[in-house]
$ cat work_38.txt   # compact mmCIF, N, CA and C atoms
# COMPACT_ATOMS: atom_id res chain seq x y z
N ARG A 1278 57.57 11.93 171.52
CA ARG A 1278 57.81 10.50 171.46
C ARG A 1278 57.80 9.86 172.84
N GLY A 1279 58.35 10.53 173.82
CA GLY A 1279 58.48 9.94 175.13
C GLY A 1279 57.28 10.18 176.04
N ARG A 1280 56.22 10.76 175.49
CA ARG A 1280 55.05 11.06 176.31
C ARG A 1280 53.82 10.39 175.71
N ASP A 1281 52.86 10.11 176.58
CA ASP A 1281 51.59 9.53 176.16
C ASP A 1281 51.76 8.23 175.38
N THR A 1282 52.67 7.40 175.83
CA THR A 1282 52.86 6.10 175.19
C THR A 1282 51.68 5.20 175.55
N GLY A 1283 51.56 4.10 174.85
CA GLY A 1283 50.48 3.16 175.12
C GLY A 1283 50.45 2.69 176.57
N PRO A 1284 51.60 2.25 177.12
CA PRO A 1284 51.60 1.82 178.52
C PRO A 1284 51.23 2.95 179.49
N GLU A 1285 51.67 4.17 179.21
CA GLU A 1285 51.31 5.30 180.07
C GLU A 1285 49.81 5.55 180.04
N ARG A 1286 49.23 5.52 178.86
CA ARG A 1286 47.77 5.74 178.75
C ARG A 1286 47.01 4.62 179.46
N MET A 1287 47.51 3.39 179.35
CA MET A 1287 46.87 2.26 180.02
C MET A 1287 46.90 2.45 181.54
N MET A 1288 48.03 2.89 182.05
CA MET A 1288 48.18 3.11 183.49
C MET A 1288 47.28 4.24 183.97
N ARG A 1289 47.23 5.32 183.23
CA ARG A 1289 46.38 6.45 183.62
C ARG A 1289 44.90 6.07 183.58
N ALA A 1290 44.51 5.28 182.60
CA ALA A 1290 43.12 4.83 182.53
C ALA A 1290 42.78 3.96 183.73
N ALA A 1291 43.71 3.08 184.11
CA ALA A 1291 43.49 2.21 185.26
C ALA A 1291 43.42 3.02 186.55
N LEU A 1292 44.27 4.02 186.69
CA LEU A 1292 44.24 4.88 187.88
C LEU A 1292 42.90 5.62 187.95
N SER A 1293 42.46 6.16 186.84
CA SER A 1293 41.18 6.88 186.81
C SER A 1293 40.02 5.95 187.13
N ALA A 1294 40.06 4.74 186.61
CA ALA A 1294 38.99 3.77 186.88
C ALA A 1294 38.89 3.44 188.37
N GLU A 1295 40.02 3.51 189.07
CA GLU A 1295 40.03 3.26 190.51
C GLU A 1295 39.76 4.53 191.32
N GLY A 1296 39.52 5.64 190.61
CA GLY A 1296 39.22 6.89 191.30
C GLY A 1296 40.44 7.64 191.79
N ILE A 1297 41.59 7.29 191.29
CA ILE A 1297 42.84 7.94 191.70
C ILE A 1297 43.15 9.04 190.70
N ARG A 1298 43.07 10.26 191.19
CA ARG A 1298 43.28 11.43 190.32
C ARG A 1298 44.23 12.40 191.01
N GLY A 1299 44.35 13.57 190.46
CA GLY A 1299 45.18 14.61 191.08
C GLY A 1299 46.65 14.49 190.77
N TYR A 1300 47.00 13.72 189.76
CA TYR A 1300 48.41 13.57 189.42
C TYR A 1300 48.81 14.57 188.35
N ARG A 1301 50.09 14.76 188.22
CA ARG A 1301 50.67 15.61 187.18
C ARG A 1301 51.42 14.70 186.20
N LEU A 1302 51.36 15.07 184.95
CA LEU A 1302 52.06 14.30 183.92
C LEU A 1302 53.38 14.99 183.58
N ASN A 1303 54.46 14.21 183.57
CA ASN A 1303 55.78 14.71 183.22
C ASN A 1303 56.09 16.03 183.94
N TRP A 1304 55.89 16.04 185.24
CA TRP A 1304 56.00 17.25 186.04
C TRP A 1304 57.42 17.78 186.04
N LYS A 1305 57.58 18.98 185.52
CA LYS A 1305 58.91 19.56 185.31
C LYS A 1305 59.66 19.88 186.59
N LYS A 1306 58.94 20.15 187.67
CA LYS A 1306 59.60 20.56 188.91
C LYS A 1306 60.20 19.38 189.68
N ALA A 1307 59.85 18.18 189.31
CA ALA A 1307 60.42 16.99 189.96
C ALA A 1307 61.66 16.55 189.18
N PRO A 1308 62.71 16.14 189.88
CA PRO A 1308 63.88 15.64 189.16
C PRO A 1308 63.50 14.45 188.28
N GLY A 1309 63.98 14.47 187.05
CA GLY A 1309 63.74 13.35 186.16
C GLY A 1309 62.39 13.35 185.47
N ARG A 1310 61.55 14.34 185.76
CA ARG A 1310 60.23 14.44 185.12
C ARG A 1310 59.49 13.11 185.09
N PRO A 1311 59.04 12.63 186.22
CA PRO A 1311 58.34 11.33 186.21
C PRO A 1311 57.11 11.34 185.32
N ASP A 1312 56.77 10.18 184.77
CA ASP A 1312 55.61 10.08 183.88
C ASP A 1312 54.34 10.50 184.60
N ILE A 1313 54.18 10.06 185.85
CA ILE A 1313 53.02 10.39 186.67
C ILE A 1313 53.54 10.79 188.04
N ALA A 1314 53.08 11.93 188.56
CA ALA A 1314 53.57 12.38 189.86
C ALA A 1314 52.45 13.01 190.68
N TRP A 1315 52.51 12.76 191.99
CA TRP A 1315 51.64 13.43 192.96
C TRP A 1315 52.59 14.28 193.81
N PRO A 1316 52.79 15.55 193.43
CA PRO A 1316 53.80 16.38 194.10
C PRO A 1316 53.60 16.55 195.60
N LYS A 1317 52.39 16.75 196.06
CA LYS A 1317 52.16 16.96 197.49
C LYS A 1317 52.50 15.71 198.31
N ARG A 1318 52.27 14.56 197.74
CA ARG A 1318 52.56 13.30 198.42
C ARG A 1318 53.99 12.81 198.17
N LYS A 1319 54.66 13.48 197.23
CA LYS A 1319 56.01 13.09 196.80
C LYS A 1319 56.04 11.63 196.35
N VAL A 1320 55.12 11.31 195.46
CA VAL A 1320 55.05 9.97 194.87
C VAL A 1320 55.24 10.13 193.36
N ALA A 1321 56.14 9.33 192.81
CA ALA A 1321 56.42 9.38 191.37
C ALA A 1321 56.33 7.98 190.78
N VAL A 1322 55.79 7.91 189.57
CA VAL A 1322 55.66 6.63 188.86
C VAL A 1322 56.26 6.79 187.46
N PHE A 1323 57.14 5.89 187.13
CA PHE A 1323 57.66 5.80 185.77
C PHE A 1323 57.03 4.58 185.12
N VAL A 1324 56.49 4.75 183.93
CA VAL A 1324 55.90 3.64 183.18
C VAL A 1324 56.84 3.36 182.01
N HIS A 1325 57.53 2.22 182.10
CA HIS A 1325 58.56 1.90 181.12
C HIS A 1325 58.09 0.86 180.12
N GLY A 1326 58.39 1.13 178.85
CA GLY A 1326 58.19 0.14 177.81
C GLY A 1326 59.30 -0.89 177.89
N CYS A 1327 58.97 -2.13 177.70
CA CYS A 1327 59.95 -3.21 177.88
C CYS A 1327 61.14 -3.11 176.93
N PHE A 1328 60.91 -2.77 175.69
CA PHE A 1328 62.02 -2.70 174.74
C PHE A 1328 62.95 -1.53 175.05
N TRP A 1329 62.40 -0.34 175.18
CA TRP A 1329 63.20 0.87 175.30
C TRP A 1329 63.96 0.98 176.61
N HIS A 1330 63.51 0.28 177.64
CA HIS A 1330 64.18 0.39 178.94
C HIS A 1330 64.79 -0.93 179.39
N MET A 1331 64.83 -1.92 178.51
CA MET A 1331 65.44 -3.23 178.77
C MET A 1331 64.87 -3.88 180.03
N CYS A 1332 63.64 -4.28 179.92
CA CYS A 1332 62.89 -4.88 181.02
C CYS A 1332 63.60 -6.09 181.62
N PRO A 1333 63.69 -6.13 182.96
CA PRO A 1333 64.30 -7.30 183.60
C PRO A 1333 63.37 -8.51 183.67
N HIS A 1334 62.09 -8.31 183.38
CA HIS A 1334 61.10 -9.39 183.49
C HIS A 1334 60.96 -10.20 182.21
N CYS A 1335 61.08 -9.56 181.08
CA CYS A 1335 60.95 -10.31 179.82
C CYS A 1335 62.26 -10.17 179.04
N ALA A 1336 62.78 -11.26 178.63
CA ALA A 1336 64.09 -11.28 177.96
C ALA A 1336 63.92 -10.90 176.49
N ARG A 1337 63.78 -9.61 176.25
CA ARG A 1337 63.66 -9.14 174.87
C ARG A 1337 65.02 -9.20 174.19
N SER A 1338 65.03 -9.58 172.94
CA SER A 1338 66.30 -9.67 172.22
C SER A 1338 66.65 -8.32 171.60
N MET A 1339 67.92 -8.14 171.38
CA MET A 1339 68.42 -6.93 170.74
C MET A 1339 68.15 -7.02 169.24
N PRO A 1340 67.94 -5.88 168.60
CA PRO A 1340 67.81 -5.91 167.14
C PRO A 1340 69.09 -6.47 166.51
N LYS A 1341 68.92 -7.22 165.44
CA LYS A 1341 70.06 -7.88 164.82
C LYS A 1341 70.92 -6.92 164.00
N SER A 1342 70.30 -5.96 163.34
CA SER A 1342 71.09 -5.02 162.56
C SER A 1342 71.50 -3.83 163.43
N ASN A 1343 72.71 -3.38 163.21
CA ASN A 1343 73.26 -2.23 163.92
C ASN A 1343 73.28 -2.48 165.44
N GLY A 1344 73.68 -3.66 165.82
CA GLY A 1344 73.64 -4.11 167.21
C GLY A 1344 74.41 -3.22 168.18
N ARG A 1345 75.57 -2.77 167.79
CA ARG A 1345 76.38 -1.94 168.68
C ARG A 1345 75.65 -0.64 169.03
N TRP A 1346 75.05 -0.02 168.01
CA TRP A 1346 74.33 1.24 168.25
C TRP A 1346 73.16 1.00 169.20
N TRP A 1347 72.40 -0.06 168.97
CA TRP A 1347 71.24 -0.35 169.83
C TRP A 1347 71.67 -0.66 171.25
N LYS A 1348 72.74 -1.42 171.40
CA LYS A 1348 73.22 -1.74 172.75
C LYS A 1348 73.59 -0.46 173.49
N ASN A 1349 74.30 0.44 172.82
CA ASN A 1349 74.67 1.72 173.42
C ASN A 1349 73.43 2.55 173.75
N LYS A 1350 72.49 2.62 172.83
CA LYS A 1350 71.27 3.40 173.02
C LYS A 1350 70.48 2.90 174.24
N LEU A 1351 70.24 1.61 174.29
CA LEU A 1351 69.43 1.05 175.37
C LEU A 1351 70.16 1.09 176.71
N SER A 1352 71.47 0.94 176.70
CA SER A 1352 72.25 1.05 177.93
C SER A 1352 72.20 2.48 178.46
N THR A 1353 72.25 3.44 177.54
CA THR A 1353 72.15 4.86 177.93
C THR A 1353 70.79 5.13 178.55
N ASN A 1354 69.75 4.55 177.98
CA ASN A 1354 68.40 4.71 178.55
C ASN A 1354 68.36 4.17 179.98
N GLN A 1355 68.93 3.00 180.19
CA GLN A 1355 68.95 2.39 181.53
C GLN A 1355 69.71 3.26 182.52
N ALA A 1356 70.85 3.78 182.10
CA ALA A 1356 71.65 4.62 182.99
C ALA A 1356 70.87 5.88 183.37
N ARG A 1357 70.17 6.47 182.41
CA ARG A 1357 69.34 7.65 182.69
C ARG A 1357 68.23 7.31 183.67
N ASP A 1358 67.60 6.15 183.49
CA ASP A 1358 66.53 5.72 184.40
C ASP A 1358 67.05 5.62 185.83
N HIS A 1359 68.22 5.01 186.01
CA HIS A 1359 68.79 4.85 187.35
C HIS A 1359 69.13 6.21 187.96
N ARG A 1360 69.65 7.10 187.13
CA ARG A 1360 69.99 8.45 187.60
C ARG A 1360 68.74 9.19 188.08
N LYS A 1361 67.66 9.08 187.32
CA LYS A 1361 66.40 9.74 187.70
C LYS A 1361 65.88 9.20 189.03
N LEU A 1362 65.92 7.88 189.20
CA LEU A 1362 65.48 7.26 190.45
C LEU A 1362 66.28 7.78 191.64
N ARG A 1363 67.60 7.81 191.47
CA ARG A 1363 68.47 8.28 192.56
C ARG A 1363 68.16 9.73 192.92
N GLU A 1364 67.99 10.58 191.92
CA GLU A 1364 67.72 12.00 192.18
C GLU A 1364 66.41 12.18 192.93
N LEU A 1365 65.38 11.48 192.51
CA LEU A 1365 64.09 11.59 193.18
C LEU A 1365 64.17 11.09 194.62
N ARG A 1366 64.75 9.93 194.81
CA ARG A 1366 64.84 9.36 196.17
C ARG A 1366 65.69 10.25 197.08
N LYS A 1367 66.71 10.86 196.52
CA LYS A 1367 67.56 11.76 197.30
C LYS A 1367 66.76 12.94 197.83
N GLU A 1368 65.75 13.37 197.08
CA GLU A 1368 64.89 14.49 197.50
C GLU A 1368 63.67 14.04 198.29
N GLY A 1369 63.64 12.76 198.65
CA GLY A 1369 62.58 12.26 199.52
C GLY A 1369 61.34 11.75 198.82
N TRP A 1370 61.41 11.53 197.53
CA TRP A 1370 60.27 11.00 196.78
C TRP A 1370 60.22 9.49 196.92
N ARG A 1371 59.00 8.96 196.91
CA ARG A 1371 58.79 7.51 196.81
C ARG A 1371 58.55 7.23 195.34
N VAL A 1372 59.31 6.31 194.80
CA VAL A 1372 59.32 6.09 193.35
C VAL A 1372 58.97 4.65 193.02
N LEU A 1373 58.17 4.49 191.98
CA LEU A 1373 57.78 3.16 191.50
C LEU A 1373 58.00 3.10 190.00
N THR A 1374 58.54 1.98 189.54
CA THR A 1374 58.68 1.74 188.10
C THR A 1374 57.67 0.66 187.73
N VAL A 1375 56.83 0.98 186.78
CA VAL A 1375 55.83 0.03 186.28
C VAL A 1375 56.29 -0.39 184.88
N TRP A 1376 56.41 -1.70 184.69
CA TRP A 1376 56.85 -2.23 183.40
C TRP A 1376 55.65 -2.58 182.53
N GLU A 1377 55.79 -2.34 181.25
CA GLU A 1377 54.73 -2.61 180.28
C GLU A 1377 54.21 -4.04 180.38
N CYS A 1378 55.10 -5.03 180.47
CA CYS A 1378 54.66 -6.43 180.51
C CYS A 1378 53.87 -6.72 181.79
N GLN A 1379 54.29 -6.15 182.91
CA GLN A 1379 53.60 -6.37 184.18
C GLN A 1379 52.23 -5.68 184.15
N LEU A 1380 52.18 -4.54 183.53
CA LEU A 1380 50.92 -3.80 183.41
C LEU A 1380 49.92 -4.58 182.57
N LYS A 1381 50.40 -5.20 181.50
CA LYS A 1381 49.51 -6.00 180.65
C LYS A 1381 49.04 -7.27 181.36
N LYS A 1382 49.91 -7.84 182.21
CA LYS A 1382 49.53 -9.05 182.95
C LYS A 1382 48.44 -8.75 183.97
N SER A 1383 48.66 -7.72 184.76
CA SER A 1383 47.70 -7.41 185.82
C SER A 1383 47.71 -5.92 186.13
N THR A 1384 46.84 -5.21 185.44
CA THR A 1384 46.74 -3.77 185.64
C THR A 1384 46.34 -3.45 187.07
N ARG A 1385 45.44 -4.24 187.63
CA ARG A 1385 44.98 -3.99 189.01
C ARG A 1385 46.11 -4.11 190.01
N ARG A 1386 46.98 -5.08 189.81
CA ARG A 1386 48.10 -5.25 190.73
C ARG A 1386 49.04 -4.04 190.69
N GLU A 1387 49.27 -3.52 189.49
CA GLU A 1387 50.15 -2.35 189.36
C GLU A 1387 49.51 -1.11 189.99
N VAL A 1388 48.20 -0.95 189.84
CA VAL A 1388 47.51 0.16 190.49
C VAL A 1388 47.60 0.00 192.01
N ALA A 1389 47.46 -1.22 192.49
CA ALA A 1389 47.56 -1.47 193.93
C ALA A 1389 48.95 -1.11 194.45
N ARG A 1390 49.97 -1.34 193.66
CA ARG A 1390 51.34 -0.97 194.05
C ARG A 1390 51.45 0.55 194.21
N VAL A 1391 50.80 1.28 193.32
CA VAL A 1391 50.82 2.75 193.42
C VAL A 1391 50.10 3.18 194.69
N VAL A 1392 48.96 2.60 194.96
CA VAL A 1392 48.17 2.95 196.15
C VAL A 1392 48.98 2.69 197.42
N ARG A 1393 49.74 1.60 197.45
CA ARG A 1393 50.57 1.29 198.62
C ARG A 1393 51.62 2.37 198.88
N LEU A 1394 52.10 3.00 197.81
CA LEU A 1394 53.07 4.09 197.99
C LEU A 1394 52.47 5.26 198.76
N PHE A 1395 51.18 5.50 198.55
CA PHE A 1395 50.52 6.60 199.25
C PHE A 1395 50.49 6.35 200.76
N ASP A 1396 50.41 5.09 201.16
CA ASP A 1396 50.26 4.74 202.57
C ASP A 1396 51.60 4.67 203.31
N GLN A 1397 52.69 4.73 202.61
CA GLN A 1397 53.99 4.60 203.26
C GLN A 1397 54.39 5.89 203.96
$ encode --input "work_38.txt" --output "structure tokens"
Amino acid sequence: RGRDTGPERMMRAALSAEGIRGYRLNWKKAPGRPDIAWPKRKVAVFVHGCFWHMCPHCARSMPKSNGRWWKNKLSTNQARDHRKLRELRKEGWRVLTVWECQLKKSTRREVARVVRLFDQ
């Protein structure tokens, strides 16, 4: 369920179209198993769906039924995301979070953000 989502496939297709290859998917040796990782460069990319990770860019509403459960579920997802970021950065990784809505708006801009991480 958490792998090969639509936004992840869109990001990988865009990276390939720009000639950016050599990444690992859900690389187990990196803390937090980033969606896309370049281990030698220590660059990690998480591609988050707006609903499941509570996107700060688009104000998605909570489901109306079983609201308490959903609030807890989505808050737990956010806490896990923050923990993964901290663990990776602590080990010297450069980390980028790509949001589904931003990817749909401008795929090229998101790919350019990844490329900038390589140059840092």
$ closest_residue --input "work_38.txt" --among "A:Trp1376, A:Leu1302, A:Gly1309, A:Val1392" --to "A:Lys1361" --atoms "only N, CA and C atoms"
A:Gly1309
$ select_by_dssp --input "work_38.txt" --residues "chain A" --states "helix (DSSP H, G or I)" --output "ChimeraX atom specification"
/A:1283-1294,1327-1330,1344-1367,1377-1382,1384-1396
$ closest_residue --input "work_38.txt" --among "A:Arg1301, A:Glu1285, A:Cys1378, A:Thr1384" --to "A:Ala1336" --atoms "only C-alpha atoms"
A:Cys1378
$ residues_around --input "work_38.txt" --residues "A:Arg1385" --least-positions-apart "6" --cutoff "8 Å" --atoms "only N, CA and C atoms" --output "ChimeraX atom specification"
/A:1291,1379,1391
$ atom_distance --input "work_38.txt" --atom1 "atom N of A:Arg1318" --atom2 "atom C of A:Arg1360"
19.8 Å
$ select_by_dssp --input "work_38.txt" --residues "chain A" --states "strand (DSSP E)" --output "list in words"
Arg1301, Leu1302, Ile1313, Ala1314, Trp1315, Val1320, Ala1321, Val1322, Phe1323, Val1324, His1325, Arg1371, Val1372, Leu1373, Thr1374, Val1375 and Trp1376 of chain A
$ atom_distance --input "work_38.txt" --atom1 "atom N of A:Phe1328" --atom2 "atom N of A:Ile1313"
17.7 Å
$ atom_distance --input "work_38.txt" --atom1 "atom CA of A:Met1287" --atom2 "atom CA of A:Val1324"
9.7 Å
$ axis_aligned_box --input "work_38.txt" --around "stretch 1291-1302 of chain A" --padding-each-side "8 Å" --output "JSON"
{"center_x": 46.1, "center_y": 8.9, "center_z": 187.7, "size_x": 30.5, "size_y": 29.4, "size_z": 24.2}
$ residues_around --input "work_38.txt" --residues "A:Pro1316" --least-positions-apart "5" --cutoff "8 Å" --atoms "only N, CA and C atoms" --output "ChimeraX atom specification"
/A:1299-1301,1307,1321
$ write_last_selection --input "work_38.txt" --atoms "N, CA and C atoms" --output "PDB file, in the coordinates of the input"
ATOM      1  N   GLY A1299      44.350  13.570 190.460  1.00  0.00           N
ATOM      2  CA  GLY A1299      45.180  14.610 191.080  1.00  0.00           C
ATOM      3  C   GLY A1299      46.650  14.490 190.770  1.00  0.00           C
ATOM      4  N   TYR A1300      47.000  13.720 189.760  1.00  0.00           N
ATOM      5  CA  TYR A1300      48.410  13.570 189.420  1.00  0.00           C
ATOM      6  C   TYR A1300      48.810  14.570 188.350  1.00  0.00           C
ATOM      7  N   ARG A1301      50.090  14.760 188.220  1.00  0.00           N
ATOM      8  CA  ARG A1301      50.670  15.610 187.180  1.00  0.00           C
ATOM      9  C   ARG A1301      51.420  14.700 186.200  1.00  0.00           C
ATOM     10  N   ALA A1307      59.850  18.180 189.310  1.00  0.00           N
ATOM     11  CA  ALA A1307      60.420  16.990 189.960  1.00  0.00           C
ATOM     12  C   ALA A1307      61.660  16.550 189.180  1.00  0.00           C
ATOM     13  N   ALA A1321      56.140   9.330 192.810  1.00  0.00           N
ATOM     14  CA  ALA A1321      56.420   9.380 191.370  1.00  0.00           C
ATOM     15  C   ALA A1321      56.330   7.980 190.780  1.00  0.00           C
TER      16      ALA A1321
END
$ closest_residue --input "work_38.txt" --among "A:Met1331, A:Val1388, A:Ala1290, A:Leu1365" --to "A:Trp1347" --atoms "only C-alpha atoms"
A:Met1331
$ residues_around --input "work_38.txt" --residues "A:Leu1362" --least-positions-apart "5" --cutoff "12 Å" --atoms "only C-alpha atoms" --output "count of residues only"
20
$ build_atoms --input "work_38.txt" --residues "stretch 1336-1361 of chain A" --atoms "N, CA, C and O atoms" --output "PDB file, in the frame of the given file"
ATOM      1  N   ALA A1336      62.780 -11.260 178.630  1.00  0.00           N
ATOM      2  CA  ALA A1336      64.090 -11.280 177.960  1.00  0.00           C
ATOM      3  C   ALA A1336      63.920 -10.900 176.490  1.00  0.00           C
ATOM      4  O   ALA A1336      63.899 -11.761 175.613  1.00  0.00           O
ATOM      5  N   ARG A1337      63.780  -9.610 176.250  1.00  0.00           N
ATOM      6  CA  ARG A1337      63.660  -9.140 174.870  1.00  0.00           C
ATOM      7  C   ARG A1337      65.020  -9.200 174.190  1.00  0.00           C
ATOM      8  O   ARG A1337      66.030  -8.882 174.795  1.00  0.00           O
ATOM      9  N   SER A1338      65.030  -9.580 172.940  1.00  0.00           N
ATOM     10  CA  SER A1338      66.300  -9.670 172.220  1.00  0.00           C
ATOM     11  C   SER A1338      66.650  -8.320 171.600  1.00  0.00           C
ATOM     12  O   SER A1338      65.788  -7.485 171.349  1.00  0.00           O
ATOM     13  N   MET A1339      67.920  -8.140 171.380  1.00  0.00           N
ATOM     14  CA  MET A1339      68.420  -6.930 170.740  1.00  0.00           C
ATOM     15  C   MET A1339      68.150  -7.020 169.240  1.00  0.00           C
ATOM     16  O   MET A1339      68.156  -8.116 168.677  1.00  0.00           O
ATOM     17  N   PRO A1340      67.940  -5.880 168.600  1.00  0.00           N
ATOM     18  CA  PRO A1340      67.810  -5.910 167.140  1.00  0.00           C
ATOM     19  C   PRO A1340      69.090  -6.470 166.510  1.00  0.00           C
ATOM     20  O   PRO A1340      70.183  -6.246 167.014  1.00  0.00           O
ATOM     21  N   LYS A1341      68.920  -7.220 165.440  1.00  0.00           N
ATOM     22  CA  LYS A1341      70.060  -7.880 164.820  1.00  0.00           C
ATOM     23  C   LYS A1341      70.920  -6.920 164.000  1.00  0.00           C
ATOM     24  O   LYS A1341      72.134  -7.056 163.957  1.00  0.00           O
ATOM     25  N   SER A1342      70.300  -5.960 163.340  1.00  0.00           N
ATOM     26  CA  SER A1342      71.090  -5.020 162.560  1.00  0.00           C
ATOM     27  C   SER A1342      71.500  -3.830 163.430  1.00  0.00           C
ATOM     28  O   SER A1342      70.743  -3.383 164.290  1.00  0.00           O
ATOM     29  N   ASN A1343      72.710  -3.380 163.210  1.00  0.00           N
ATOM     30  CA  ASN A1343      73.260  -2.230 163.920  1.00  0.00           C
ATOM     31  C   ASN A1343      73.280  -2.480 165.440  1.00  0.00           C
ATOM     32  O   ASN A1343      72.941  -1.608 166.244  1.00  0.00           O
ATOM     33  N   GLY A1344      73.680  -3.660 165.820  1.00  0.00           N
ATOM     34  CA  GLY A1344      73.640  -4.110 167.210  1.00  0.00           C
ATOM     35  C   GLY A1344      74.410  -3.220 168.180  1.00  0.00           C
ATOM     36  O   GLY A1344      73.950  -2.967 169.289  1.00  0.00           O
ATOM     37  N   ARG A1345      75.570  -2.770 167.790  1.00  0.00           N
ATOM     38  CA  ARG A1345      76.380  -1.940 168.680  1.00  0.00           C
ATOM     39  C   ARG A1345      75.650  -0.640 169.030  1.00  0.00           C
ATOM     40  O   ARG A1345      75.652  -0.211 170.175  1.00  0.00           O
ATOM     41  N   TRP A1346      75.050  -0.020 168.010  1.00  0.00           N
ATOM     42  CA  TRP A1346      74.330   1.240 168.250  1.00  0.00           C
ATOM     43  C   TRP A1346      73.160   1.000 169.200  1.00  0.00           C
ATOM     44  O   TRP A1346      72.942   1.784 170.131  1.00  0.00           O
ATOM     45  N   TRP A1347      72.400  -0.060 168.970  1.00  0.00           N
ATOM     46  CA  TRP A1347      71.240  -0.350 169.830  1.00  0.00           C
ATOM     47  C   TRP A1347      71.670  -0.660 171.250  1.00  0.00           C
ATOM     48  O   TRP A1347      71.038  -0.224 172.214  1.00  0.00           O
ATOM     49  N   LYS A1348      72.740  -1.420 171.400  1.00  0.00           N
ATOM     50  CA  LYS A1348      73.220  -1.740 172.750  1.00  0.00           C
ATOM     51  C   LYS A1348      73.590  -0.460 173.490  1.00  0.00           C
ATOM     52  O   LYS A1348      73.231  -0.275 174.656  1.00  0.00           O
ATOM     53  N   ASN A1349      74.300   0.440 172.820  1.00  0.00           N
ATOM     54  CA  ASN A1349      74.670   1.720 173.420  1.00  0.00           C
ATOM     55  C   ASN A1349      73.430   2.550 173.750  1.00  0.00           C
ATOM     56  O   ASN A1349      73.322   3.108 174.859  1.00  0.00           O
ATOM     57  N   LYS A1350      72.490   2.620 172.830  1.00  0.00           N
ATOM     58  CA  LYS A1350      71.270   3.400 173.020  1.00  0.00           C
ATOM     59  C   LYS A1350      70.480   2.900 174.240  1.00  0.00           C
ATOM     60  O   LYS A1350      70.072   3.682 175.108  1.00  0.00           O
ATOM     61  N   LEU A1351      70.240   1.610 174.290  1.00  0.00           N
ATOM     62  CA  LEU A1351      69.430   1.050 175.370  1.00  0.00           C
ATOM     63  C   LEU A1351      70.160   1.090 176.710  1.00  0.00           C
ATOM     64  O   LEU A1351      69.531   1.312 177.747  1.00  0.00           O
ATOM     65  N   SER A1352      71.470   0.940 176.700  1.00  0.00           N
ATOM     66  CA  SER A1352      72.250   1.050 177.930  1.00  0.00           C
ATOM     67  C   SER A1352      72.200   2.480 178.460  1.00  0.00           C
ATOM     68  O   SER A1352      72.128   2.708 179.667  1.00  0.00           O
ATOM     69  N   THR A1353      72.250   3.440 177.540  1.00  0.00           N
ATOM     70  CA  THR A1353      72.150   4.860 177.930  1.00  0.00           C
ATOM     71  C   THR A1353      70.790   5.130 178.550  1.00  0.00           C
ATOM     72  O   THR A1353      70.687   5.861 179.551  1.00  0.00           O
ATOM     73  N   ASN A1354      69.750   4.550 177.980  1.00  0.00           N
ATOM     74  CA  ASN A1354      68.400   4.710 178.550  1.00  0.00           C
ATOM     75  C   ASN A1354      68.360   4.170 179.980  1.00  0.00           C
ATOM     76  O   ASN A1354      67.800   4.809 180.881  1.00  0.00           O
ATOM     77  N   GLN A1355      68.930   3.000 180.190  1.00  0.00           N
ATOM     78  CA  GLN A1355      68.950   2.390 181.530  1.00  0.00           C
ATOM     79  C   GLN A1355      69.710   3.260 182.520  1.00  0.00           C
ATOM     80  O   GLN A1355      69.271   3.458 183.649  1.00  0.00           O
ATOM     81  N   ALA A1356      70.850   3.780 182.100  1.00  0.00           N
ATOM     82  CA  ALA A1356      71.650   4.620 182.990  1.00  0.00           C
ATOM     83  C   ALA A1356      70.870   5.880 183.370  1.00  0.00           C
ATOM     84  O   ALA A1356      70.885   6.306 184.533  1.00  0.00           O
ATOM     85  N   ARG A1357      70.170   6.470 182.410  1.00  0.00           N
ATOM     86  CA  ARG A1357      69.340   7.650 182.690  1.00  0.00           C
ATOM     87  C   ARG A1357      68.230   7.310 183.670  1.00  0.00           C
ATOM     88  O   ARG A1357      67.946   8.071 184.590  1.00  0.00           O
ATOM     89  N   ASP A1358      67.600   6.150 183.490  1.00  0.00           N
ATOM     90  CA  ASP A1358      66.530   5.720 184.400  1.00  0.00           C
ATOM     91  C   ASP A1358      67.050   5.620 185.830  1.00  0.00           C
ATOM     92  O   ASP A1358      66.404   6.079 186.777  1.00  0.00           O
ATOM     93  N   HIS A1359      68.220   5.010 186.010  1.00  0.00           N
ATOM     94  CA  HIS A1359      68.790   4.850 187.350  1.00  0.00           C
ATOM     95  C   HIS A1359      69.130   6.210 187.960  1.00  0.00           C
ATOM     96  O   HIS A1359      68.920   6.430 189.145  1.00  0.00           O
ATOM     97  N   ARG A1360      69.650   7.100 187.130  1.00  0.00           N
ATOM     98  CA  ARG A1360      69.990   8.450 187.600  1.00  0.00           C
ATOM     99  C   ARG A1360      68.740   9.190 188.080  1.00  0.00           C
ATOM    100  O   ARG A1360      68.729   9.814 189.146  1.00  0.00           O
ATOM    101  N   LYS A1361      67.660   9.080 187.320  1.00  0.00           N
ATOM    102  CA  LYS A1361      66.400   9.740 187.700  1.00  0.00           C
ATOM    103  C   LYS A1361      65.880   9.200 189.030  1.00  0.00           C
ATOM    104  O   LYS A1361      65.432   9.963 189.890  1.00  0.00           O
TER     105      LYS A1361
END
